[in-house]
file coords.cif (mmCIF, C-alpha atoms)
data_model
loop_
_atom_site.label_atom_id
_atom_site.label_comp_id
_atom_site.auth_asym_id
_atom_site.auth_seq_id
_atom_site.Cartn_x
_atom_site.Cartn_y
_atom_site.Cartn_z
CA MET H 1 -6.27 -5.57 -25.73
CA GLY H 2 -4.77 -3.28 -23.05
CA LEU H 3 -8.07 -3.24 -21.15
CA THR H 4 -8.29 -7.03 -21.26
CA GLN H 5 -4.73 -7.40 -20.00
CA GLY H 6 -5.60 -4.96 -17.22
CA VAL H 7 -8.30 -7.29 -15.95
CA PHE H 8 -5.89 -10.21 -15.62
CA SER H 9 -3.17 -8.09 -14.00
CA LEU H 10 -5.77 -6.73 -11.58
CA THR H 11 -6.88 -10.26 -10.76
CA SER H 12 -3.29 -11.36 -10.13
CA GLU H 13 -2.67 -8.47 -7.76
CA LEU H 14 -5.79 -9.27 -5.77
CA LEU H 15 -4.89 -12.91 -5.42
CA GLU H 16 -1.65 -11.94 -3.72
CA GLY H 17 -3.24 -10.06 -0.84
CA GLY H 18 -6.32 -9.73 1.34
CA ASN H 19 -8.31 -12.75 2.31
CA GLN H 20 -8.67 -13.94 -1.31
CA THR H 21 -6.05 -16.59 -2.13
CA SER H 22 -5.11 -18.51 -5.22
CA THR H 23 -7.14 -21.47 -3.91
CA PHE H 24 -10.35 -19.49 -3.41
CA GLU H 25 -13.22 -20.82 -5.54
CA PHE H 26 -16.86 -20.01 -6.10
CA LEU H 27 -19.53 -22.67 -6.50
CA LEU H 28 -22.00 -22.16 -9.35
CA TRP H 29 -25.27 -23.64 -8.16
CA GLY H 30 -27.62 -22.24 -10.80
CA LEU H 31 -28.39 -25.57 -12.50
CA SER H 32 -30.02 -28.72 -11.12
CA ASP H 33 -27.78 -31.10 -9.16
CA GLN H 34 -29.92 -34.15 -9.95
CA ALA H 35 -28.04 -36.61 -12.17
CA GLN H 36 -30.90 -37.29 -14.60
CA GLN H 37 -31.66 -33.58 -15.06
CA GLN H 38 -27.97 -32.79 -15.47
CA HIS H 39 -27.73 -35.24 -18.37
CA VAL H 40 -30.67 -33.52 -20.09
CA LEU H 41 -29.24 -30.06 -19.34
CA PHE H 42 -25.85 -31.04 -20.76
CA LEU H 43 -27.36 -32.23 -24.05
CA LEU H 44 -29.66 -29.20 -24.24
CA PHE H 45 -26.91 -26.66 -23.53
CA LEU H 46 -24.51 -28.43 -25.89
CA TRP H 47 -27.09 -28.43 -28.69
CA MET H 48 -27.96 -24.76 -28.15
CA TYR H 49 -24.30 -23.73 -28.01
CA ALA H 50 -23.40 -25.67 -31.17
CA VAL H 51 -26.36 -24.21 -33.09
CA THR H 52 -25.61 -20.69 -31.80
CA VAL H 53 -21.97 -20.79 -32.90
CA ALA H 54 -22.75 -22.49 -36.23
CA GLY H 55 -25.69 -20.19 -37.03
CA ASN H 56 -23.92 -16.94 -36.20
CA LEU H 57 -20.73 -18.08 -37.92
CA LEU H 58 -22.78 -18.89 -41.01
CA ILE H 59 -24.17 -15.35 -41.03
CA VAL H 60 -20.68 -13.85 -40.71
CA LEU H 61 -19.34 -16.01 -43.55
CA ALA H 62 -22.38 -15.35 -45.76
CA ILE H 63 -21.99 -11.59 -45.34
CA GLY H 64 -18.22 -11.68 -45.72
CA THR H 65 -18.23 -13.72 -48.91
CA ASP H 66 -21.16 -12.01 -50.68
CA THR H 67 -20.37 -8.48 -51.89
CA HIS H 68 -24.10 -7.85 -52.38
CA LEU H 69 -24.26 -7.69 -48.57
CA HIS H 70 -21.32 -5.34 -48.05
CA THR H 71 -23.56 -2.57 -46.75
CA PRO H 72 -23.76 -0.86 -43.33
CA MET H 73 -26.81 -2.88 -42.24
CA TYR H 74 -25.09 -6.21 -42.84
CA PHE H 75 -21.78 -4.94 -41.44
CA PHE H 76 -23.57 -4.31 -38.13
CA LEU H 77 -25.36 -7.65 -38.37
CA ALA H 78 -22.03 -9.46 -38.85
CA SER H 79 -20.65 -7.57 -35.83
CA LEU H 80 -23.68 -8.63 -33.78
CA SER H 81 -23.23 -12.26 -34.81
CA CYS H 82 -19.54 -12.20 -33.81
CA THR H 83 -20.45 -10.64 -30.48
CA ASP H 84 -23.12 -13.29 -29.87
CA ILE H 85 -20.57 -16.06 -30.44
CA PHE H 86 -18.19 -14.51 -27.89
CA PHE H 87 -21.04 -13.69 -25.48
CA THR H 88 -22.32 -17.27 -25.40
CA SER H 89 -18.79 -18.68 -25.26
CA THR H 90 -18.14 -16.70 -22.07
CA THR H 91 -20.62 -18.73 -20.02
CA VAL H 92 -21.88 -21.90 -21.74
CA PRO H 93 -18.59 -23.87 -22.19
CA LYS H 94 -17.81 -23.52 -18.48
CA ALA H 95 -21.35 -24.64 -17.61
CA LEU H 96 -20.93 -27.67 -19.90
CA VAL H 97 -17.61 -28.59 -18.28
CA ASN H 98 -19.12 -28.28 -14.80
CA ILE H 99 -22.09 -30.48 -15.72
CA GLN H 100 -19.91 -33.12 -17.40
CA THR H 101 -17.39 -33.27 -14.54
CA GLN H 102 -20.11 -32.89 -11.88
CA SER H 103 -18.16 -29.99 -10.45
CA THR H 104 -19.66 -26.58 -9.71
CA SER H 105 -16.41 -24.73 -8.96
CA ILE H 106 -14.85 -21.76 -10.70
CA SER H 107 -11.65 -20.09 -9.54
CA TYR H 108 -11.61 -16.53 -8.21
CA ALA H 109 -9.52 -15.37 -11.18
CA GLY H 110 -11.74 -17.28 -13.59
CA CYS H 111 -14.84 -15.72 -12.06
CA LEU H 112 -13.51 -12.17 -12.46
CA ALA H 113 -12.38 -12.87 -16.02
CA GLN H 114 -15.77 -14.36 -16.86
CA LEU H 115 -17.52 -11.35 -15.32
CA TYR H 116 -15.42 -8.92 -17.37
CA PHE H 117 -16.00 -10.64 -20.72
CA PHE H 118 -19.66 -11.31 -19.94
CA LEU H 119 -20.26 -7.60 -19.28
CA THR H 120 -18.21 -6.54 -22.31
CA PHE H 121 -20.00 -8.73 -24.83
CA GLY H 122 -23.42 -8.30 -23.20
CA ASP H 123 -23.15 -4.51 -23.31
CA MET H 124 -21.79 -4.74 -26.85
CA ASP H 125 -24.98 -6.55 -27.88
CA ILE H 126 -27.02 -3.68 -26.44
CA PHE H 127 -24.97 -0.97 -28.17
CA LEU H 128 -25.02 -2.78 -31.51
CA LEU H 129 -28.82 -3.14 -31.39
CA ALA H 130 -29.03 0.64 -30.84
CA VAL H 131 -26.62 1.32 -33.73
CA MET H 132 -28.64 -1.00 -35.98
CA ALA H 133 -31.82 0.91 -35.11
CA TYR H 134 -30.08 4.18 -36.00
CA ASP H 135 -28.92 2.65 -39.28
CA ARG H 136 -32.52 1.69 -40.17
CA TYR H 137 -33.71 5.17 -39.19
CA VAL H 138 -31.22 6.83 -41.55
CA ALA H 139 -32.00 4.35 -44.35
CA ILE H 140 -35.77 4.91 -44.17
CA CYS H 141 -36.04 8.55 -43.07
CA HIS H 142 -33.04 9.95 -44.98
CA PRO H 143 -32.51 7.56 -47.92
CA LEU H 144 -30.84 10.12 -50.19
CA HIS H 145 -28.12 10.84 -47.64
CA TYR H 146 -27.79 7.28 -46.37
CA MET H 147 -24.45 6.36 -47.97
CA ILE H 148 -22.93 9.69 -46.92
CA ILE H 149 -24.10 9.49 -43.29
CA MET H 150 -23.41 5.75 -42.92
CA SER H 151 -20.05 5.68 -44.66
CA LEU H 152 -17.64 2.78 -44.12
CA HIS H 153 -15.44 5.01 -41.96
CA ARG H 154 -18.34 6.10 -39.77
CA CYS H 155 -19.58 2.52 -39.36
CA ALA H 156 -16.09 1.41 -38.26
CA VAL H 157 -15.88 4.34 -35.82
CA LEU H 158 -19.29 3.47 -34.34
CA VAL H 159 -18.32 -0.16 -33.74
CA ALA H 160 -14.91 0.83 -32.32
CA ALA H 161 -16.58 3.34 -29.98
CA CYS H 162 -18.99 0.63 -28.80
CA TRP H 163 -16.10 -1.75 -28.02
CA THR H 164 -14.24 0.98 -26.12
CA LEU H 165 -17.25 2.01 -24.02
CA THR H 166 -18.24 -1.56 -23.17
CA SER H 167 -14.67 -2.42 -22.15
CA LEU H 168 -14.50 0.61 -19.86
CA VAL H 169 -17.86 -0.18 -18.25
CA ALA H 170 -16.87 -3.83 -17.74
CA MET H 171 -13.48 -2.81 -16.32
CA THR H 172 -15.17 -0.47 -13.82
CA HIS H 173 -17.55 -3.13 -12.53
CA THR H 174 -14.82 -5.79 -12.39
CA PHE H 175 -12.49 -3.48 -10.47
CA LEU H 176 -15.17 -2.66 -7.88
CA ILE H 177 -16.09 -6.33 -7.45
CA SER H 178 -12.43 -7.25 -7.03
CA ARG H 179 -12.22 -4.95 -3.98
CA LEU H 180 -14.83 -6.99 -2.11
CA SER H 181 -14.41 -9.94 0.24
CA PHE H 182 -16.90 -12.78 0.12
CA CYS H 183 -18.71 -14.52 2.98
CA SER H 184 -20.12 -17.26 0.80
CA LYS H 185 -18.75 -19.23 -2.11
CA ILE H 186 -22.19 -20.16 -3.45
CA ILE H 187 -23.47 -18.29 -6.52
CA PRO H 188 -27.05 -19.36 -7.39
CA ASP H 189 -26.50 -19.18 -11.16
CA PHE H 190 -24.48 -20.99 -13.83
CA PHE H 191 -22.01 -18.10 -14.30
CA CYS H 192 -20.49 -15.21 -12.33
CA ASP H 193 -22.93 -12.32 -12.57
CA LEU H 194 -22.57 -8.87 -11.08
CA GLY H 195 -25.60 -8.74 -8.78
CA LEU H 196 -25.04 -12.21 -7.38
CA LEU H 197 -21.40 -11.48 -6.53
CA MET H 198 -22.50 -8.41 -4.61
CA LYS H 199 -25.06 -10.48 -2.70
CA VAL H 200 -22.44 -12.94 -1.39
CA SER H 201 -20.01 -10.19 -0.34
CA CYS H 202 -19.15 -9.46 3.29
CA PHE H 203 -18.35 -5.80 2.55
CA ASP H 204 -20.66 -2.83 2.15
CA THR H 205 -21.66 -2.85 -1.51
CA GLN H 206 -23.34 0.55 -1.57
CA VAL H 207 -20.77 1.99 -3.98
CA ASN H 208 -21.11 -1.05 -6.25
CA GLU H 209 -24.89 -0.74 -6.20
CA LEU H 210 -24.80 2.98 -7.02
CA VAL H 211 -22.38 2.41 -9.89
CA LEU H 212 -24.50 -0.50 -11.14
CA LEU H 213 -27.62 1.67 -10.98
CA PHE H 214 -25.94 4.54 -12.82
CA LEU H 215 -23.88 2.63 -15.39
CA GLY H 216 -26.37 -0.21 -15.75
CA GLY H 217 -29.25 2.20 -16.20
CA THR H 218 -27.22 4.23 -18.68
CA VAL H 219 -26.02 1.21 -20.69
CA ILE H 220 -29.48 -0.37 -20.85
CA LEU H 221 -31.99 2.48 -20.83
CA ILE H 222 -30.26 5.04 -23.07
CA PRO H 223 -29.79 2.58 -25.98
CA PHE H 224 -33.33 1.32 -25.38
CA MET H 225 -34.70 4.87 -25.58
CA LEU H 226 -32.66 5.55 -28.74
CA ILE H 227 -34.12 2.39 -30.31
CA LEU H 228 -37.62 3.44 -29.26
CA VAL H 229 -37.26 6.97 -30.68
CA SER H 230 -35.72 5.61 -33.90
CA TYR H 231 -38.60 3.22 -34.47
CA ILE H 232 -41.26 5.80 -33.63
CA ARG H 233 -39.81 7.99 -36.38
CA ILE H 234 -39.39 5.00 -38.70
CA VAL H 235 -43.03 3.93 -38.26
CA SER H 236 -44.16 7.52 -38.80
CA ALA H 237 -42.15 7.71 -42.04
CA ILE H 238 -43.40 4.31 -43.24
CA LEU H 239 -47.05 5.23 -42.67
CA ARG H 240 -46.56 8.35 -44.79
CA ALA H 241 -45.16 6.31 -47.69
CA PRO H 242 -47.50 6.34 -50.71
CA SER H 243 -46.66 2.80 -51.82
CA ALA H 244 -48.20 -0.16 -50.00
CA GLN H 245 -45.40 -2.39 -51.32
CA GLY H 246 -42.80 0.04 -49.98
CA ARG H 247 -44.47 0.00 -46.57
CA ARG H 248 -44.47 -3.80 -46.48
CA LYS H 249 -40.79 -3.96 -47.46
CA ALA H 250 -39.82 -1.40 -44.81
CA PHE H 251 -41.78 -3.21 -42.10
CA SER H 252 -40.25 -6.53 -43.16
CA THR H 253 -36.72 -5.08 -42.98
CA CYS H 254 -37.28 -3.69 -39.48
CA GLY H 255 -39.41 -6.55 -38.15
CA SER H 256 -36.56 -8.97 -37.47
CA HIS H 257 -34.61 -6.31 -35.59
CA LEU H 258 -37.62 -5.45 -33.44
CA VAL H 259 -38.13 -9.11 -32.50
CA VAL H 260 -34.49 -9.39 -31.36
CA VAL H 261 -34.73 -6.11 -29.43
CA ALA H 262 -37.89 -7.26 -27.64
CA LEU H 263 -36.37 -10.63 -26.69
CA PHE H 264 -33.04 -9.27 -25.50
CA PHE H 265 -34.11 -6.10 -23.70
CA GLY H 266 -37.13 -7.76 -22.09
CA THR H 267 -34.98 -10.35 -20.31
CA VAL H 268 -32.07 -7.96 -19.56
CA ILE H 269 -34.36 -5.37 -17.97
CA ARG H 270 -36.01 -8.15 -15.96
CA ALA H 271 -32.63 -9.41 -14.76
CA TYR H 272 -30.89 -6.12 -13.94
CA LEU H 273 -33.42 -3.34 -13.39
CA CYS H 274 -36.25 -5.24 -11.66
CA PRO H 275 -35.57 -6.12 -8.02
CA SER H 276 -35.85 -9.77 -7.00
CA SER H 277 -36.21 -11.41 -3.62
CA SER H 278 -34.06 -14.23 -2.25
CA SER H 279 -36.85 -16.82 -2.44
CA SER H 280 -36.23 -20.02 -4.37
CA SER H 281 -38.89 -19.17 -6.97
CA SER H 282 -37.28 -15.78 -7.58
CA VAL H 283 -33.84 -17.38 -7.97
CA GLU H 284 -35.29 -19.82 -10.50
CA GLU H 285 -36.89 -16.92 -12.40
CA ASP H 286 -33.57 -15.05 -12.45
CA THR H 287 -31.78 -18.13 -13.79
CA ALA H 288 -34.44 -18.58 -16.47
CA ALA H 289 -34.07 -14.93 -17.49
CA ALA H 290 -30.27 -15.34 -17.61
CA VAL H 291 -30.62 -18.40 -19.87
CA MET H 292 -32.92 -16.39 -22.15
CA TYR H 293 -30.53 -13.52 -22.85
CA THR H 294 -27.25 -15.46 -22.63
CA VAL H 295 -28.23 -18.58 -24.58
CA VAL H 296 -31.67 -18.43 -26.21
CA THR H 297 -31.48 -14.97 -27.80
CA PRO H 298 -28.07 -15.56 -29.47
CA LEU H 299 -29.45 -18.92 -30.62
CA LEU H 300 -32.54 -17.36 -32.23
CA ASN H 301 -30.82 -14.36 -33.85
CA PRO H 302 -29.51 -16.23 -36.94
CA PHE H 303 -32.94 -17.76 -37.60
CA ILE H 304 -34.77 -14.47 -37.08
CA TYR H 305 -32.49 -12.48 -39.37
CA SER H 306 -32.07 -15.13 -42.08
CA LEU H 307 -35.68 -16.34 -42.30
CA ARG H 308 -37.19 -12.83 -42.38
CA ASN H 309 -34.65 -11.35 -44.80
CA LYS H 310 -34.68 -12.50 -48.43
CA ASP H 311 -31.17 -11.21 -49.21
CA MET H 312 -29.72 -12.87 -46.12
CA LYS H 313 -31.55 -16.11 -46.82
CA ALA H 314 -30.28 -16.13 -50.43
CA ALA H 315 -26.70 -15.46 -49.29
CA VAL H 316 -26.83 -18.32 -46.77
CA VAL H 317 -28.18 -20.68 -49.42
CA ARG H 318 -25.44 -19.65 -51.88
CA LEU H 319 -22.81 -20.17 -49.20
CA LEU H 320 -24.11 -23.64 -48.35
CA LYS H 321 -24.09 -24.52 -52.03
CA GLY H 322 -20.52 -23.28 -52.38
CA ARG H 323 -21.46 -20.33 -54.58
CA VAL H 324 -19.93 -17.15 -53.16
CA PHE H 325 -19.58 -13.68 -54.66
CA PHE H 326 -16.24 -11.97 -54.18
CA SER H 327 -16.67 -9.41 -56.96
CA GLN H 328 -19.51 -7.22 -58.08
CA GLY H 329 -19.08 -8.40 -61.64
CA GLN H 330 -20.23 -11.94 -60.96
CA GLY H 331 -23.80 -12.87 -61.68
CA GLN H 332 -26.11 -15.12 -59.72
#

call {"tool": "encode", "arguments": {"input": "coords.cif", "output": "structure tokens"}}
result
Amino acid sequence: MGLTQGVFSLTSELLEGGNQTSTFEFLLWGLSDQAQQQHVLFLLFLWMYAVTVAGNLLIVLAIGTDTHLHTPMYFFLASLSCTDIFFTSTTVPKALVNIQTQSTSISYAGCLAQLYFFLTFGDMDIFLLAVMAYDRYVAICHPLHYMIIMSLHRCAVLVAACWTLTSLVAMTHTFLISRLSFCSKIIPDFFCDLGLLMKVSCFDTQVNELVLLFLGGTVILIPFMLILVSYIRIVSAILRAPSAQGRRKAFSTCGSHLVVVALFFGTVIRAYLCPSSSSSSSVEEDTAAAVMYTVVTPLLNPFIYSLRNKDMKAAVVRLLKGRVFFSQGQGQ
């Protein structure tokens, strides 16, 4: 909470001085300004946001109310679902309001706040996917020591460490952006993103770019490499398993996670680590990539995890039917 309060106090200080005033606003021009297309976009974004929140909330409730799922794997999945709700809520509601009111503006303070929370929850998604890969590695490669290594205390520490690191990274980027002055109010996207804010700045952004390269590369590539190494060892262990049924079960358990990793990291790497030009086609591609990892991936996660996982599917069905398990003694 202290880090979050620091962002707002930092924003308030900046609004008092320099050439940024309390009336300064950015214009989010990432979505079509044609009335007919805006109507379609509003309905589409509203539908995706409602399904994302409902689907991820359903997963959290299913895991929370079914003691059969009170294991490290599902603890991390519930954490990922919560993060996805917050991540989507950082950008989509503001986009919906702007479309409905036919206004593209966002205040300077609102832009910095949105940037901070967007980076926090986005990076948290990345870290949680890496932790989930490590959890699967321990479960498959060291099954006898799984409950000792992945104890409840260690799981809580891992998630707390992820929150702390992502907050610090987001605070660093937000602080550096807040030191800039801006020549243009126009941001060619539907939310305040780091790279676009640097592009419309009047100041030298070399320090920002170096920090983005270092921290961004670290936050994205190191977890990605950890996931890759984990799954190389997982696949190697699965192929050595004598039972064909055991191999199928292991691949099924890991398959949903791999699909989510491919979707999320593919679009994030495209958006942040691949250079783009200022041409209109490139801007449209960047916006499409942003929609993929900010809206589409959180939307698909509940379907991917519930449809490919029998235990998760059964828990969701029981929850929808009003049959929940709060004690181990209850039968199905």

call {"tool": "residues_near_point", "arguments": {"input": "coords.cif", "point": "(-23.2, -24.6, -18.2)", "cutoff": "10 Å", "atoms": "all atoms listed in the file", "output": "list in words"}}
result
Leu28, Gly30, Leu31, Gln38, Leu41, Phe42, Leu44, Phe45, Leu46, Tyr49, Thr91, Val92, Pro93, Lys94, Ala95, Leu96, Val97, Asn98, Ile99, Gln100, Thr104, Asp189, Phe190, Phe191 and Val291 of chain H

call {"tool": "closest_atom_pairs", "arguments": {"input": "coords.cif", "of": "segment 92-170 of chain H", "to": "segment 198-212 of chain H", "cutoff": "12 Å", "atoms": "only C-alpha atoms", "output": "JSON lines"}}
result
{"residue": "H:Leu119", "atom": "CA", "partner": "H:Leu212", "partner_atom": "CA", "distance": 11.6}
{"residue": "H:Val169", "atom": "CA", "partner": "H:Leu212", "partner_atom": "CA", "distance": 9.7}
{"residue": "H:Ala170", "atom": "CA", "partner": "H:Leu212", "partner_atom": "CA", "distance": 10.6}

call {"tool": "closest_residue", "arguments": {"input": "coords.cif", "among": "H:Gln102, H:Val60, H:Pro298, H:Met312", "to": "Phe87 of chain H", "atoms": "only C-alpha atoms"}}
result
H:Pro298

call {"tool": "atom_distance", "arguments": {"input": "coords.cif", "atom1": "atom CA of Asp311 of chain H", "atom2": "atom CA of Pro242 of chain H"}}
result
24.0 Å

call {"tool": "closest_residue", "arguments": {"input": "coords.cif", "among": "H:Gly322, H:Pro188, H:Gly55, H:Gly266", "to": "Met292 of chain H", "atoms": "all atoms listed in the file"}}
result
H:Gly266

call {"tool": "closest_residue", "arguments": {"input": "coords.cif", "among": "H:Leu194, H:Ala156, H:Ile126, H:Cys254", "to": "Tyr231 of chain H", "atoms": "all atoms listed in the file"}}
result
H:Cys254

call {"tool": "residues_around", "arguments": {"input": "coords.cif", "residues": "segment 139-153 of chain H", "least_positions_apart": "4", "cutoff": "7 Å", "atoms": "all atoms listed in the file", "output": "MDAnalysis selection string"}}
result
chainID H and resid 72 135 157 234 237

call {"tool": "atom_distance", "arguments": {"input": "coords.cif", "atom1": "atom CA of Lys185 of chain H", "atom2": "atom CA of Asp286 of chain H"}}
result
18.5 Å

call {"tool": "closest_residue", "arguments": {"input": "coords.cif", "among": "H:Trp47, H:Tyr137, H:Phe127, H:Phe26", "to": "Leu165 of chain H", "atoms": "all atoms listed in the file"}}
result
H:Phe127

call {"tool": "atom_distance", "arguments": {"input": "coords.cif", "atom1": "atom CA of Val316 of chain H", "atom2": "atom CA of Ala62 of chain H"}}
result
5.4 Å

call {"tool": "closest_residue", "arguments": {"input": "coords.cif", "among": "H:Thr166, H:Ser81, H:Ser181, H:Thr52", "to": "Val296 of chain H", "atoms": "only C-alpha atoms"}}
result
H:Thr52

call {"tool": "closest_residue", "arguments": {"input": "coords.cif", "among": "H:Arg136, H:Lys313, H:Arg270, H:His68", "to": "Arg233 of chain H", "atoms": "all atoms listed in the file"}}
result
H:Arg136

call {"tool": "residues_around", "arguments": {"input": "coords.cif", "residues": "Cys155 of chain H", "least_positions_apart": "6", "cutoff": "12 Å", "atoms": "all atoms listed in the file", "output": "PyMOL selection string"}}
result
chain H and resi 70-77+79+128+131-132+134-135+146-149+161-162

call {"tool": "residues_near_point", "arguments": {"input": "coords.cif", "point": "(-13.1, -4.1, -13.5)", "cutoff": "9 Å", "atoms": "all atoms listed in the file", "output": "ChimeraX atom specification"}}
result
/H:6-7,10,112,115-116,167-178
